[in-house]
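S.K.: Pasting a structure below so you can have a look.
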Amino acid sequence: MTIQEFIDILKSKSRFPFDVQVHSEKRIYIRIGRENLKSIAYILFREMGAKFSIASGVHIREGFEVLYHFTFDKDKFICTVRTLAPHDDPKLDSLVSIIPGTTWIEREIYDILGVQFLGHPNLKRLVKSEFLSQNEFPFRKDFDIKKFKEEHGLTPKITFIEPLEKSKRKSK
Amino acid sequence: MRSIIPVGPFHPLQDEPENFILTVEGETVVDIDVNIGYIHKGIELLAQQKTYDQTVFLVERICGICSITHTVCFCNAVEDLLKVEIPERAKYIRTILGEIERIHSHLLWVGLAGHFIGYNTVFMWAWKYREPILDMMEYLTGNRQSCGMLKVGGVRRDLDDSKFPALLKTLDEMEPKVHMLADAVQDDPVLKARLAGVGVLTKKAAIDYCVVGPTARASGVDIDVRRDDPYAAYPYLDWNVIVLKDGDVYTKFLVRVLEIFESIKILRQAVKQIPKGDFLLDIKEIPPGEGIGRYEAPRGEDIHYVRSNGTNFPERLKVRAPSFINIPSFYASCIGQQVADVTITLAAVDPCYSCTERMISAHDLSRQQKWSQKDLVEISHKKTLKISQDLGKPFDLPQLKKYLLNK
């Protein structure tokens, strides 16, 4: 299956619109609306036999972009599905019921970006430090690392050591 | 009656802090919960404040064992963004370093697996045979781990062709020993009774949980990034993907041992075929865009996603280490097991010990002398020099043996 064949099959199977961006022979990016996330995951994972590799969350100007990377190992390419959760309503459908392997990465994105995954059985912290409250998300662009460090006493303390020659002179 | 056994965060056997909460009925495990995050280092956030050249060194420090893995994977991702092909010689150098790393990582796991089930002979054998291969890494690159060889667009330093005979000699010496170890373990009825049929991960569960690497290949899932998304020099070499069916701990053990032999095969061919020439592309600037890099780490598929905004700093770097996706498969493999079997089942996916520390001061055994870090660095340099001197002469490997014995 080449990338072109893959696009044709996807078009025939799906009943929703999507944009295609072909990066190279091995990489393809698809943009869909967030309401169609579950159906495209079902088509790719259950019907076309893709392997779910990982999801990455990025904070961009329009909202939170979550990219799901699906690898087609036999056909040697990666299909990345990108979807957007807007700022005022950061919610996406959870894929755990279709792909059990997404359990941890959804918890991680919830942890660091604050995107809610609806229908996740156990949406709790994964990696974030207990220093950070429920509403602080380190991967958002408005997160102030400097202020956070100062508040929690994590800034390195700089102490000046007297130059050696000076102290020698004093002892003399 | 149900009771809960918490294991960790300070695991009595594993070095890495992670917390398992086992719910048991009598001796049988009915539920498991895994808590991680005790050594979260914030590397993804830190990478946004570093340039691409600095990030290569940063990702090298994600893991103490897979130092080549993450760097090559990051370079693959940026090269995918740039759509460039690196020079042939650099491809071969990356292959050689990656395969050396795979051999020592698999031997490390074999040793630890023996240690976990209380069979310390296997532990001592495996770690003894691992030592020359680490010394080989030091001889070739200057450091046993974190050698700083990689750069976007190729490799930072060239390998010396005159050093390859010593590598081949080490492999020749090592292969029969690993054969002996593998045969001894396969013939041992006690080990077979202890490991066969324990912690079975079925093919369906392996596909559902999207596991990768030897964990998946032991369950009959035929995936290997070296073949499926070829990078470096793997398309030019002749080797096999090891796929076995049973999915228990014993099969995972066999997959790893057989992969050591495949790695030796790859190394011999790569050393023979390596072309002469340029080893680094000159990359001026990185345009806006995104790239995905893949790499077959010893533990499975490693994947990096890089997004660039046209500046010197990556806008986002997402790192997915293989253990991240392999560890949730515990939910499938541990339930229904005996408590005593869970230890080895948890270790069977080779969870990555991502934190290694360096010493700052040390005493010698007589407690007379105290070494500072500077002295230790000096000693390390002396050792590297001695290894290169000993191995520099062709067909002089007995000296390395003698050296290792006297150490």
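Labeling convention for the structure tokens: chains A, B, ... as they appear, residues from 1 per chain, ligands from 1 in order of appearance.
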Please report as a tab-separated table every residue of chain A lying within 9 Å of chain B, along with the nearest atom pair and their distance in Å (one decimal), using only C-alpha atoms.
M.R.:
```
residue	atom	partner	partner_atom	distance
A:His23	CA	B:Leu81	CA	8.8
A:Ser24	CA	B:Lys83	CA	8.0
A:Lys26	CA	B:Asp229	CA	8.0
A:Arg27	CA	B:Ile292	CA	8.0
A:Lys51	CA	B:Cys210	CA	6.2
A:Phe52	CA	B:Cys210	CA	6.1
A:Ser53	CA	B:Cys210	CA	7.1
A:Ile54	CA	B:Arg320	CA	6.9
A:Ala55	CA	B:Lys318	CA	8.7
A:Ser56	CA	B:Lys318	CA	6.2
A:Gly57	CA	B:Lys318	CA	8.3
A:Val58	CA	B:Arg316	CA	7.0
A:Phe72	CA	B:Asp228	CA	8.6
A:Asp73	CA	B:Asp228	CA	5.4
A:Lys74	CA	B:Asp228	CA	6.4
A:Asp75	CA	B:Asp228	CA	7.6
A:Lys76	CA	B:Asp228	CA	5.3
A:Phe77	CA	B:Asp229	CA	7.1
A:Ile78	CA	B:Ile292	CA	8.6
A:Ile98	CA	B:Asp208	CA	8.6
A:Ile99	CA	B:Asp208	CA	6.0
A:Pro100	CA	B:Tyr209	CA	5.4
A:Gly101	CA	B:Tyr209	CA	4.1
A:Thr102	CA	B:Tyr209	CA	7.9
A:Thr103	CA	B:Pro328	CA	7.9
A:Trp104	CA	B:Pro328	CA	7.5
A:Ile105	CA	B:Phe324	CA	8.6
A:Leu126	CA	B:Gly37	CA	6.3
A:Val127	CA	B:Gly37	CA	4.2
A:Lys128	CA	B:Gly37	CA	6.9
A:Ser129	CA	B:Gly37	CA	7.7
A:Pro138	CA	B:Leu45	CA	7.9
A:Phe139	CA	B:Leu45	CA	7.1
```
S.K.: How about saving the chosen residues, C-alpha atoms kept, as a CSV table (one decimal), in the first residue's frame?
M.R.:
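Below is the file again_22.csv, written as the result:
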```
chain,number,residue,atom,x,y,z
A,23,HIS,CA,5.6,15.4,3.9
A,24,SER,CA,7.6,12.7,2.2
A,26,LYS,CA,7.3,7.9,4.6
A,27,ARG,CA,5.4,10.6,6.5
A,51,LYS,CA,0.0,0.4,15.3
A,52,PHE,CA,-0.5,3.4,17.7
A,53,SER,CA,2.9,4.8,18.5
A,54,ILE,CA,2.4,7.9,20.6
A,55,ALA,CA,0.6,11.2,20.8
A,56,SER,CA,2.2,14.6,21.2
A,57,GLY,CA,0.5,17.6,22.6
A,58,VAL,CA,1.6,21.1,21.5
A,72,PHE,CA,2.0,1.2,9.3
A,73,ASP,CA,4.9,-1.2,9.8
A,74,LYS,CA,4.3,-3.4,6.7
A,75,ASP,CA,4.0,-0.4,4.4
A,76,LYS,CA,6.8,1.6,5.9
A,77,PHE,CA,5.1,4.9,6.6
A,78,ILE,CA,3.7,7.0,9.5
A,98,ILE,CA,-10.5,1.5,21.1
A,99,ILE,CA,-6.8,1.4,21.8
A,100,PRO,CA,-5.8,0.3,25.3
A,101,GLY,CA,-2.3,1.5,24.7
A,102,THR,CA,-3.3,5.2,24.9
A,103,THR,CA,-4.0,5.0,28.6
A,104,TRP,CA,-0.7,6.5,29.8
A,105,ILE,CA,-0.2,9.1,27.1
A,126,LEU,CA,1.3,10.6,35.7
A,127,VAL,CA,4.5,12.6,35.8
A,128,LYS,CA,3.8,16.1,37.1
A,129,SER,CA,5.5,17.1,40.3
A,138,PRO,CA,4.2,23.4,32.5
A,139,PHE,CA,3.8,22.9,28.7
```
S.K.: Quick one: residues within 12 Å of Phe116 (chain B), only C-alpha atoms counted, chain neighbours fewer than 4 positions away excluded, as a PyMOL selection string?
M.R.: chain B and resi 11-14+109-112+120-123+191+194-195+340-348+350
S.K.: So which residues touch Gly63 (chain A) within 8 Å, counting only C-alpha atoms, skipping near sequence neighbours fewer than 2 positions away, as JSON, numbers by chain?
M.R.: {"A": [59, 60, 61, 65, 84, 85, 86, 87, 90]}
S.K.: Just list the residues in region 170-342 of chain B DSSP gives strand (DSSP E or B) on the backbone, as a count of residues only.
M.R.: 27
S.K.: May I ask which of the residues B:Leu159, B:Ala184, B:Ile32, B:Val178 is the closest one to Thr141 (chain B), counting only C-alpha atoms?
M.R.: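 Looking at the shortest contact to Thr141 (chain B), the residue is B:Leu159.
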S.K.: Set the distance at 8 Å and use only C-alpha atoms: which residues neighbour Val56 (chain B) once local chain neighbours fewer than 6 positions away are removed? I'd like the list as a PyMOL selection string.
M.R.: chain B and resi 71+74-75+150-152
